[in-house]
$ cat data00.cif   # mmCIF, C-alpha atoms
data_structure
loop_
_atom_site.group_PDB
_atom_site.id
_atom_site.type_symbol
_atom_site.label_atom_id
_atom_site.label_comp_id
_atom_site.auth_asym_id
_atom_site.auth_seq_id
_atom_site.Cartn_x
_atom_site.Cartn_y
_atom_site.Cartn_z
ATOM 1 C CA MET A 1 35.869 108.206 46.489
ATOM 2 C CA SER A 2 39.167 106.576 47.406
ATOM 3 C CA GLY A 3 37.741 104.371 50.130
ATOM 4 C CA LYS A 4 40.203 105.585 52.719
ATOM 5 C CA GLY A 5 37.903 108.226 54.178
ATOM 6 C CA ARG A 6 37.970 108.084 57.941
ATOM 7 C CA LEU A 7 38.476 110.169 61.063
ATOM 8 C CA VAL A 8 41.446 109.407 63.292
ATOM 9 C CA ILE A 9 41.668 110.979 66.735
ATOM 10 C CA LEU A 10 45.235 111.371 67.927
ATOM 11 C CA GLY A 11 46.567 111.185 71.467
ATOM 12 C CA ALA A 12 49.079 114.044 71.557
ATOM 13 C CA PRO A 13 51.938 114.446 74.060
ATOM 14 C CA LEU A 14 51.012 116.272 77.265
ATOM 15 C CA GLY A 15 54.285 118.162 77.185
ATOM 16 C CA ASN A 16 57.182 115.899 76.272
ATOM 17 C CA PRO A 17 57.364 115.381 72.471
ATOM 18 C CA ALA A 18 59.196 112.091 73.030
ATOM 19 C CA ASP A 19 55.887 110.596 74.156
ATOM 20 C CA ALA A 20 54.491 110.873 70.612
ATOM 21 C CA SER A 21 53.748 107.501 69.062
ATOM 22 C CA THR A 22 54.999 106.329 65.690
ATOM 23 C CA ARG A 23 51.398 106.139 64.470
ATOM 24 C CA LEU A 24 50.758 109.752 65.455
ATOM 25 C CA ARG A 25 53.772 110.821 63.392
ATOM 26 C CA GLU A 26 52.666 108.744 60.397
ATOM 27 C CA ILE A 27 49.070 109.953 60.450
ATOM 28 C CA LEU A 28 49.974 113.625 60.854
ATOM 29 C CA ALA A 29 52.265 113.327 57.845
ATOM 30 C CA ALA A 30 49.756 111.398 55.709
ATOM 31 C CA ALA A 31 46.461 113.092 56.600
ATOM 32 C CA ASP A 32 44.571 115.032 53.955
ATOM 33 C CA VAL A 33 43.161 117.300 56.662
ATOM 34 C CA VAL A 34 44.445 117.962 60.174
ATOM 35 C CA ALA A 35 41.961 119.618 62.549
ATOM 36 C CA ALA A 36 43.911 121.150 65.427
ATOM 37 C CA GLU A 37 42.781 122.813 68.636
ATOM 38 C CA ASP A 38 45.666 125.272 68.256
ATOM 39 C CA THR A 39 47.397 125.430 64.887
ATOM 40 C CA ARG A 40 50.453 127.108 66.409
ATOM 41 C CA ARG A 41 50.956 124.269 68.867
ATOM 42 C CA LEU A 42 50.513 121.798 66.040
ATOM 43 C CA ALA A 43 53.251 123.573 64.066
ATOM 44 C CA ARG A 44 55.568 123.414 67.088
ATOM 45 C CA LEU A 45 54.802 119.715 67.594
ATOM 46 C CA ALA A 46 55.562 119.015 63.932
ATOM 47 C CA ARG A 47 58.915 120.772 64.292
ATOM 48 C CA ASP A 48 59.722 118.831 67.451
ATOM 49 C CA LEU A 49 58.860 115.562 65.714
ATOM 50 C CA GLU A 50 60.725 116.586 62.556
ATOM 51 C CA ILE A 51 57.781 115.802 60.297
ATOM 52 C CA THR A 52 56.077 117.746 57.523
ATOM 53 C CA ILE A 53 52.305 118.068 57.493
ATOM 54 C CA GLY A 54 51.319 118.093 53.850
ATOM 55 C CA GLY A 55 47.552 118.174 54.272
ATOM 56 C CA ARG A 56 45.260 121.112 54.919
ATOM 57 C CA ILE A 57 45.395 122.420 58.487
ATOM 58 C CA VAL A 58 42.220 123.849 59.994
ATOM 59 C CA SER A 59 41.582 125.184 63.475
ATOM 60 C CA TYR A 60 39.036 123.238 65.501
ATOM 61 C CA PHE A 61 38.384 124.501 69.020
ATOM 62 C CA GLU A 62 35.478 125.108 71.373
ATOM 63 C CA GLY A 63 34.512 128.386 69.730
ATOM 64 C CA ASN A 64 34.216 127.073 66.171
ATOM 65 C CA GLU A 65 33.664 123.309 66.386
ATOM 66 C CA GLU A 66 29.926 123.534 65.703
ATOM 67 C CA ARG A 67 30.569 125.533 62.521
ATOM 68 C CA ARG A 68 33.545 123.446 61.361
ATOM 69 C CA THR A 69 32.104 119.980 62.018
ATOM 70 C CA PRO A 70 29.913 119.639 58.873
ATOM 71 C CA GLY A 71 32.826 120.460 56.573
ATOM 72 C CA LEU A 72 35.077 117.901 58.242
ATOM 73 C CA VAL A 73 32.367 115.243 57.966
ATOM 74 C CA GLU A 74 32.085 116.044 54.252
ATOM 75 C CA SER A 75 35.845 115.553 53.916
ATOM 76 C CA VAL A 76 35.614 112.109 55.482
ATOM 77 C CA LEU A 77 32.658 111.147 53.272
ATOM 78 C CA ALA A 78 34.624 112.365 50.234
ATOM 79 C CA GLY A 79 37.292 109.780 51.005
ATOM 80 C CA GLU A 80 39.795 111.961 52.843
ATOM 81 C CA LEU A 81 41.815 110.998 55.872
ATOM 82 C CA VAL A 82 40.976 113.528 58.594
ATOM 83 C CA ALA A 83 43.107 113.689 61.747
ATOM 84 C CA LEU A 84 41.972 115.429 64.927
ATOM 85 C CA VAL A 85 44.523 116.602 67.474
ATOM 86 C CA THR A 86 44.222 118.761 70.584
ATOM 87 C CA ASP A 87 46.846 120.622 72.588
ATOM 88 C CA GLY A 88 47.619 117.478 74.587
ATOM 89 C CA GLY A 89 46.033 114.167 75.512
ATOM 90 C CA MET A 90 43.071 112.473 73.858
ATOM 91 C CA PRO A 91 40.463 114.517 71.990
ATOM 92 C CA SER A 92 36.930 114.448 73.464
ATOM 93 C CA VAL A 93 38.238 114.171 77.053
ATOM 94 C CA SER A 94 37.401 117.729 78.197
ATOM 95 C CA ASP A 95 38.756 118.864 74.820
ATOM 96 C CA PRO A 96 37.143 119.330 71.397
ATOM 97 C CA GLY A 97 36.295 116.068 69.656
ATOM 98 C CA TYR A 98 33.049 114.574 70.888
ATOM 99 C CA ARG A 99 30.907 116.606 68.487
ATOM 100 C CA LEU A 100 32.994 115.583 65.473
ATOM 101 C CA VAL A 101 33.241 111.915 66.470
ATOM 102 C CA LYS A 102 29.471 111.700 66.920
ATOM 103 C CA ALA A 103 28.809 113.470 63.618
ATOM 104 C CA VAL A 104 31.097 111.118 61.676
ATOM 105 C CA VAL A 105 29.599 108.068 63.386
ATOM 106 C CA ASP A 106 26.082 109.327 62.639
ATOM 107 C CA ALA A 107 27.113 109.760 58.993
ATOM 108 C CA GLY A 108 28.083 106.085 58.857
ATOM 109 C CA ALA A 109 31.784 106.724 58.305
ATOM 110 C CA PRO A 110 34.643 105.029 60.171
ATOM 111 C CA VAL A 111 36.321 106.513 63.229
ATOM 112 C CA THR A 112 39.472 105.159 64.817
ATOM 113 C CA ALA A 113 42.220 106.364 67.138
ATOM 114 C CA ALA A 114 45.954 106.451 67.509
ATOM 115 C CA PRO A 115 45.910 106.166 71.312
ATOM 116 C CA GLY A 116 48.342 108.183 73.310
ATOM 117 C CA PRO A 117 48.926 110.186 76.468
ATOM 118 C CA SER A 118 46.059 111.130 78.768
ATOM 119 C CA ALA A 119 46.330 113.471 81.749
ATOM 120 C CA VAL A 120 43.511 111.530 83.438
ATOM 121 C CA THR A 121 45.181 108.135 83.558
ATOM 122 C CA THR A 122 48.685 109.574 84.008
ATOM 123 C CA ALA A 123 47.672 111.567 87.080
ATOM 124 C CA LEU A 124 45.692 108.648 88.438
ATOM 125 C CA ALA A 125 48.660 106.299 88.139
ATOM 126 C CA LEU A 126 51.031 108.812 89.767
ATOM 127 C CA SER A 127 48.690 109.791 92.615
ATOM 128 C CA GLY A 128 49.341 106.785 94.801
ATOM 129 C CA LEU A 129 45.576 106.413 95.255
ATOM 130 C CA PRO A 130 43.459 103.384 94.278
ATOM 131 C CA CYS A 131 43.181 103.052 90.487
ATOM 132 C CA ASP A 132 40.944 99.999 90.154
ATOM 133 C CA ARG A 133 37.766 102.111 90.077
ATOM 134 C CA PHE A 134 37.695 105.808 89.307
ATOM 135 C CA CYS A 135 35.376 108.587 88.154
ATOM 136 C CA PHE A 136 36.456 111.428 85.850
ATOM 137 C CA GLU A 137 34.549 114.670 86.519
ATOM 138 C CA GLY A 138 36.393 117.012 84.157
ATOM 139 C CA PHE A 139 36.204 120.709 85.073
ATOM 140 C CA LEU A 140 33.955 121.634 88.001
ATOM 141 C CA PRO A 141 31.534 124.589 87.697
ATOM 142 C CA ARG A 142 33.320 127.931 87.799
ATOM 143 C CA THR A 143 31.033 129.656 90.311
ATOM 144 C CA GLY A 144 31.447 128.824 93.988
ATOM 145 C CA GLY A 145 27.830 127.946 94.702
ATOM 146 C CA ALA A 146 27.470 125.593 91.754
ATOM 147 C CA ARG A 147 30.854 124.024 92.490
ATOM 148 C CA ARG A 148 29.965 123.369 96.130
ATOM 149 C CA ALA A 149 26.648 121.846 95.108
ATOM 150 C CA ARG A 150 28.400 119.462 92.708
ATOM 151 C CA LEU A 151 30.918 118.466 95.383
ATOM 152 C CA ARG A 152 28.187 117.806 97.935
ATOM 153 C CA ALA A 153 26.678 115.355 95.464
ATOM 154 C CA LEU A 154 30.074 113.640 95.083
ATOM 155 C CA ALA A 155 31.048 113.505 98.766
ATOM 156 C CA THR A 156 29.881 109.906 99.220
ATOM 157 C CA GLU A 157 31.308 108.639 95.905
ATOM 158 C CA GLU A 158 33.515 105.651 96.749
ATOM 159 C CA ARG A 159 35.543 105.654 93.533
ATOM 160 C CA THR A 160 38.729 107.720 93.195
ATOM 161 C CA LEU A 161 37.843 111.072 91.621
ATOM 162 C CA VAL A 162 39.807 112.926 88.934
ATOM 163 C CA PHE A 163 39.271 116.610 88.113
ATOM 164 C CA PHE A 164 40.840 119.154 85.773
ATOM 165 C CA GLU A 165 41.256 122.697 87.102
ATOM 166 C CA ALA A 166 42.639 126.034 85.982
ATOM 167 C CA PRO A 167 45.528 127.439 88.065
ATOM 168 C CA HIS A 168 43.647 130.573 89.154
ATOM 169 C CA ARG A 169 40.738 128.482 90.497
ATOM 170 C CA VAL A 170 42.633 125.620 92.103
ATOM 171 C CA ALA A 171 42.851 127.228 95.582
ATOM 172 C CA GLY A 172 39.092 127.782 95.724
ATOM 173 C CA THR A 173 38.395 124.295 94.410
ATOM 174 C CA LEU A 174 40.710 122.612 96.929
ATOM 175 C CA THR A 175 39.131 124.627 99.757
ATOM 176 C CA ASP A 176 35.668 123.554 98.651
ATOM 177 C CA LEU A 177 36.855 119.949 98.321
ATOM 178 C CA ALA A 178 38.236 120.017 101.858
ATOM 179 C CA ASP A 179 34.959 121.445 103.163
ATOM 180 C CA ALA A 180 32.778 118.952 101.292
ATOM 181 C CA PHE A 181 34.912 115.812 101.675
ATOM 182 C CA GLY A 182 36.721 116.621 104.912
ATOM 183 C CA PRO A 183 40.249 118.035 105.312
ATOM 184 C CA ASP A 184 41.778 114.599 105.955
ATOM 185 C CA ARG A 185 40.682 112.993 102.666
ATOM 186 C CA PRO A 186 43.833 111.871 100.772
ATOM 187 C CA ALA A 187 44.460 113.623 97.460
ATOM 188 C CA ALA A 188 47.118 114.587 94.953
ATOM 189 C CA VAL A 189 47.808 117.681 92.884
ATOM 190 C CA CYS A 190 49.481 116.736 89.599
ATOM 191 C CA ARG A 191 50.975 119.776 87.907
ATOM 192 C CA GLU A 192 52.690 120.117 84.516
ATOM 193 C CA LEU A 193 52.655 116.370 83.818
ATOM 194 C CA THR A 194 55.625 115.101 81.739
ATOM 195 C CA LYS A 195 57.045 118.625 81.486
ATOM 196 C CA THR A 196 60.275 120.059 82.878
ATOM 197 C CA TYR A 197 58.679 121.328 86.082
ATOM 198 C CA GLU A 198 56.408 118.373 86.761
ATOM 199 C CA GLU A 199 55.242 118.331 90.376
ATOM 200 C CA ILE A 200 53.154 115.761 92.265
ATOM 201 C CA LEU A 201 51.933 116.723 95.744
ATOM 202 C CA ARG A 202 50.333 113.910 97.747
ATOM 203 C CA ARG A 203 48.714 115.316 100.883
ATOM 204 C CA PRO A 204 45.338 115.537 102.667
ATOM 205 C CA LEU A 205 42.897 117.981 101.097
ATOM 206 C CA GLY A 206 43.208 120.466 103.961
ATOM 207 C CA GLU A 207 46.972 120.722 103.507
ATOM 208 C CA LEU A 208 46.660 121.025 99.742
ATOM 209 C CA ALA A 209 44.114 123.824 100.129
ATOM 210 C CA THR A 210 46.554 125.704 102.385
ATOM 211 C CA TRP A 211 49.397 125.121 99.910
ATOM 212 C CA ALA A 212 47.366 126.486 96.997
ATOM 213 C CA THR A 213 46.054 129.460 98.983
ATOM 214 C CA GLU A 214 49.510 130.517 100.164
ATOM 215 C CA GLY A 215 51.175 130.043 96.776
ATOM 216 C CA GLU A 216 50.311 130.703 93.173
ATOM 217 C CA PRO A 217 50.132 127.339 91.370
ATOM 218 C CA ARG A 218 50.894 127.576 87.673
ATOM 219 C CA GLY A 219 50.560 125.348 84.670
ATOM 220 C CA GLU A 220 48.085 122.620 83.805
ATOM 221 C CA ILE A 221 46.666 120.922 86.898
ATOM 222 C CA THR A 222 44.916 117.604 87.460
ATOM 223 C CA LEU A 223 43.456 116.788 90.873
ATOM 224 C CA VAL A 224 43.043 113.236 92.136
ATOM 225 C CA VAL A 225 40.975 112.650 95.280
ATOM 226 C CA ALA A 226 40.423 109.418 97.192
ATOM 227 C CA GLY A 227 36.891 108.099 97.247
ATOM 228 C CA ALA A 228 34.746 108.045 100.355
ATOM 229 C CA SER A 229 35.276 105.192 102.763
ATOM 230 C CA ALA A 230 32.685 102.448 102.485
ATOM 231 C CA THR A 231 32.778 102.178 106.276
ATOM 232 C CA PRO A 232 30.120 104.381 107.911
ATOM 233 C CA ALA A 233 31.635 107.380 109.654
ATOM 234 C CA VAL A 234 31.451 107.564 113.421
ATOM 235 C CA ARG A 235 28.828 110.119 114.391
ATOM 236 C CA PRO A 236 30.506 113.152 115.949
ATOM 237 C CA GLY A 237 29.173 114.738 119.120
ATOM 238 C CA ASP A 238 26.652 117.560 119.031
ATOM 239 C CA ASP A 239 29.275 120.167 119.922
ATOM 240 C CA GLU A 240 31.479 119.023 117.033
ATOM 241 C CA LEU A 241 28.561 119.252 114.622
ATOM 242 C CA ARG A 242 27.710 122.780 115.802
ATOM 243 C CA ALA A 243 31.371 123.792 115.453
ATOM 244 C CA ALA A 244 31.565 122.352 111.929
ATOM 245 C CA VAL A 245 28.487 124.313 110.848
ATOM 246 C CA ALA A 246 29.753 127.483 112.549
ATOM 247 C CA ALA A 247 33.120 127.205 110.790
ATOM 248 C CA ARG A 248 31.428 127.043 107.411
ATOM 249 C CA GLU A 249 29.200 129.992 108.250
ATOM 250 C CA ALA A 250 32.280 131.979 109.272
ATOM 251 C CA ALA A 251 33.719 131.207 105.829
ATOM 252 C CA GLY A 252 30.725 132.872 104.216
ATOM 253 C CA ILE A 253 28.498 129.867 103.550
ATOM 254 C CA SER A 254 24.811 130.188 104.391
ATOM 255 C CA ARG A 255 23.566 128.211 107.371
ATOM 256 C CA ARG A 256 21.359 126.126 105.104
ATOM 257 C CA ASP A 257 24.291 125.117 102.894
ATOM 258 C CA ALA A 258 26.588 124.671 105.897
ATOM 259 C CA ILE A 259 24.157 122.208 107.467
ATOM 260 C CA THR A 260 23.895 120.328 104.178
ATOM 261 C CA GLU A 261 27.678 120.119 103.808
ATOM 262 C CA VAL A 262 28.173 118.857 107.364
ATOM 263 C CA ALA A 263 25.424 116.273 106.948
ATOM 264 C CA THR A 264 27.058 115.037 103.735
ATOM 265 C CA ALA A 265 30.556 114.977 105.232
ATOM 266 C CA TYR A 266 29.441 112.810 108.159
ATOM 267 C CA ALA A 267 26.849 110.734 106.250
ATOM 268 C CA LEU A 268 24.027 112.046 108.443
ATOM 269 C CA ARG A 269 20.500 113.095 107.642
ATOM 270 C CA ARG A 270 20.213 116.828 107.131
ATOM 271 C CA ARG A 271 17.287 117.072 109.528
ATOM 272 C CA ASP A 272 19.406 115.551 112.304
ATOM 273 C CA VAL A 273 22.143 118.165 111.882
ATOM 274 C CA TYR A 274 19.508 120.900 111.635
ATOM 275 C CA THR A 275 17.980 119.764 114.933
ATOM 276 C CA VAL A 276 21.356 119.798 116.694
ATOM 277 C CA VAL A 277 22.251 123.271 115.399
ATOM 278 C CA HIS A 278 18.899 124.764 116.423
ATOM 279 C CA SER A 279 18.579 123.014 119.776
#
$ encode --input "data00.cif" --output "structure tokens"
Amino acid sequence: MSGKGRLVILGAPLGNPADASTRLREILAAADVVAAEDTRRLARLARDLEITIGGRIVSYFEGNEERRTPGLVESVLAGELVALVTDGGMPSVSDPGYRLVKAVVDAGAPVTAAPGPSAVTTALALSGLPCDRFCFEGFLPRTGGARRARLRALATEERTLVFFEAPHRVAGTLTDLADAFGPDRPAAVCRELTKTYEEILRRPLGELATWATEGEPRGEITLVVAGASATPAVRPGDDELRAAVAAREAAGISRRDAITEVATAYALRRRDVYTVVHS
């Protein structure tokens, strides 16, 4: 055993190769094994950085990470330098990596990182929203009911919220966010960060939902949403509550869920909204 065995997780550029660190270049060139989420993207990155990867390259993505992890741990224990890189950003943050990091740690071997770009902190910094306290929620559930339930639970969260979302689901997610948090909640859509067509839209959730519904957003998208105000909301009148529930019902939400969403949005007890609606 050479004594150098360790796992290094690499923060890869989100889109602009110039963001690659010197350490990332050095470790990719020196590693005995490079585990990559997409080997084709790794090859393109190596070309862009004008480096040669001399070690073994293995694919390591969501579909095979459970099967590949034991072999990579064995490589580390055998004294090899193993590098882990994803398509962009830091491994483990909604990307493959956590399973391997935990397995190497559990095996008593060293793990370190060559820190680099992260879509989470980049979007947060560009959003114009408070950055002192934030909560990263990753990808929301894909189905509408489960997604709305998760958002109802987050509606009173006071920290700034960061989400990842696929382009074909972003319109539905923004609509659900506007319904759960209120259409006036400040937010930002950060699209194609650091790439040629980078776009940052800073608008209330209602306007962003309309923008996404009318257009066809493309590329990688990170959503940043302001946290709930710590100041209690002013209780709306009974007619406004009935109208809010009716609007959600008209959008296809069950009365039960509509009442729950309105109660959450206005920080009211569900039974109070229920009483108003059925009076």
$ resolve_selection --input "data00.cif" --expression "the PyMOL selection byres ((chain A and resi 37) around 12)" --output "JSON, numbers by chain"
{"A": [10, 12, 34, 35, 36, 38, 39, 40, 41, 42, 43, 57, 58, 59, 60, 61, 62, 63, 64, 65, 68, 83, 84, 85, 86, 87, 88, 89, 90, 91, 92, 95, 96, 97]}
$ resolve_selection --input "data00.cif" --expression "the PyMOL selection byres ((chain A and resi 276) around 9)" --output "list in words"
Asp238, Asp239, Leu241, Arg242, Arg271, Asp272, Val273, Tyr274, Thr275, Val277, His278 and Ser279 of chain A
$ resolve_selection --input "data00.cif" --expression "the PyMOL selection byres ((chain A and resi 175-192) around 6)" --output "count of residues only"
28
$ closest_residue --input "data00.cif" --among "A:Thr121, A:Ser229, A:Thr196, A:Thr112" --to "A:Glu157" --atoms "all atoms listed in the file"
A:Ser229
$ atom_distance --input "data00.cif" --atom1 "atom CA of A:Leu24" --atom2 "atom CA of A:Ala119"
17.3 Å
$ atom_distance --input "data00.cif" --atom1 "atom CA of A:Gly11" --atom2 "atom CA of A:Ala29"
14.9 Å
$ residues_around --input "data00.cif" --residues "A:Ala243" --least-positions-apart "6" --cutoff "12 Å" --atoms "all atoms listed in the file" --output "VMD selection string"
chain A and resid 236 to 237 249 to 250 258 to 259 262 273 276 to 277
$ residues_near_point --input "data00.cif" --point "(58.9, 111.4, 66.3)" --cutoff "10 Å" --atoms "all atoms listed in the file" --output "PyMOL selection string"
chain A and resi 17-26+45-51
$ write_last_selection --input "data00.cif" --atoms "C-alpha atoms" --output "tab-separated table (two decimals), keeping the file's coordinate frame"
chain	number	residue	atom	x	y	z
A	17	PRO	CA	57.36	115.38	72.47
A	18	ALA	CA	59.20	112.09	73.03
A	19	ASP	CA	55.89	110.60	74.16
A	20	ALA	CA	54.49	110.87	70.61
A	21	SER	CA	53.75	107.50	69.06
A	22	THR	CA	55.00	106.33	65.69
A	23	ARG	CA	51.40	106.14	64.47
A	24	LEU	CA	50.76	109.75	65.46
A	25	ARG	CA	53.77	110.82	63.39
A	26	GLU	CA	52.67	108.74	60.40
A	45	LEU	CA	54.80	119.72	67.59
A	46	ALA	CA	55.56	119.02	63.93
A	47	ARG	CA	58.92	120.77	64.29
A	48	ASP	CA	59.72	118.83	67.45
A	49	LEU	CA	58.86	115.56	65.71
A	50	GLU	CA	60.72	116.59	62.56
A	51	ILE	CA	57.78	115.80	60.30
$ atom_distance --input "data00.cif" --atom1 "atom CA of A:Arg269" --atom2 "atom CA of A:Val245"
14.1 Å
$ residues_around --input "data00.cif" --residues "A:Thr69" --least-positions-apart "4" --cutoff "8 Å" --atoms "all atoms listed in the file" --output "JSON, numbers by chain"
{"A": [65, 73, 99, 100, 103]}
$ residues_around --input "data00.cif" --residues "A:Gly108" --least-positions-apart "3" --cutoff "12 Å" --atoms "all atoms listed in the file" --output "mmCIF file with C-alpha atoms, in the coordinates of the input"
data_model
loop_
_atom_site.group_PDB
_atom_site.id
_atom_site.type_symbol
_atom_site.label_atom_id
_atom_site.label_comp_id
_atom_site.auth_asym_id
_atom_site.auth_seq_id
_atom_site.Cartn_x
_atom_site.Cartn_y
_atom_site.Cartn_z
ATOM 1 C CA GLY A 5 37.903 108.226 54.178
ATOM 2 C CA ARG A 6 37.970 108.084 57.941
ATOM 3 C CA LEU A 7 38.476 110.169 61.063
ATOM 4 C CA VAL A 73 32.367 115.243 57.966
ATOM 5 C CA GLU A 74 32.085 116.044 54.252
ATOM 6 C CA VAL A 76 35.614 112.109 55.482
ATOM 7 C CA LEU A 77 32.658 111.147 53.272
ATOM 8 C CA VAL A 101 33.241 111.915 66.470
ATOM 9 C CA LYS A 102 29.471 111.700 66.920
ATOM 10 C CA ALA A 103 28.809 113.470 63.618
ATOM 11 C CA VAL A 104 31.097 111.118 61.676
ATOM 12 C CA VAL A 105 29.599 108.068 63.386
ATOM 13 C CA VAL A 111 36.321 106.513 63.229
#
$ residues_around --input "data00.cif" --residues "A:Gly54" --least-positions-apart "2" --cutoff "8 Å" --atoms "all atoms listed in the file" --output "VMD selection string"
chain A and resid 29 to 32 52 56
$ residues_around --input "data00.cif" --residues "A:Glu158" --least-positions-apart "2" --cutoff "12 Å" --atoms "only C-alpha atoms" --output "PyMOL selection string"
chain A and resi 130-135+153-156+160-161+181+185+225-232
$ closest_residue --input "data00.cif" --among "A:Leu72, A:Leu14, A:Val120, A:Ile9" --to "A:Val33" --atoms "all atoms listed in the file"
A:Leu72
$ closest_residue --input "data00.cif" --among "A:Val162, A:Asp257, A:Leu28, A:Pro167" --to "A:Ala146" --atoms "all atoms listed in the file"
A:Asp257
$ closest_residue --input "data00.cif" --among "A:Gly215, A:Gly55, A:Pro141, A:Pro70" --to "A:Ala171" --atoms "all atoms listed in the file"
A:Gly215
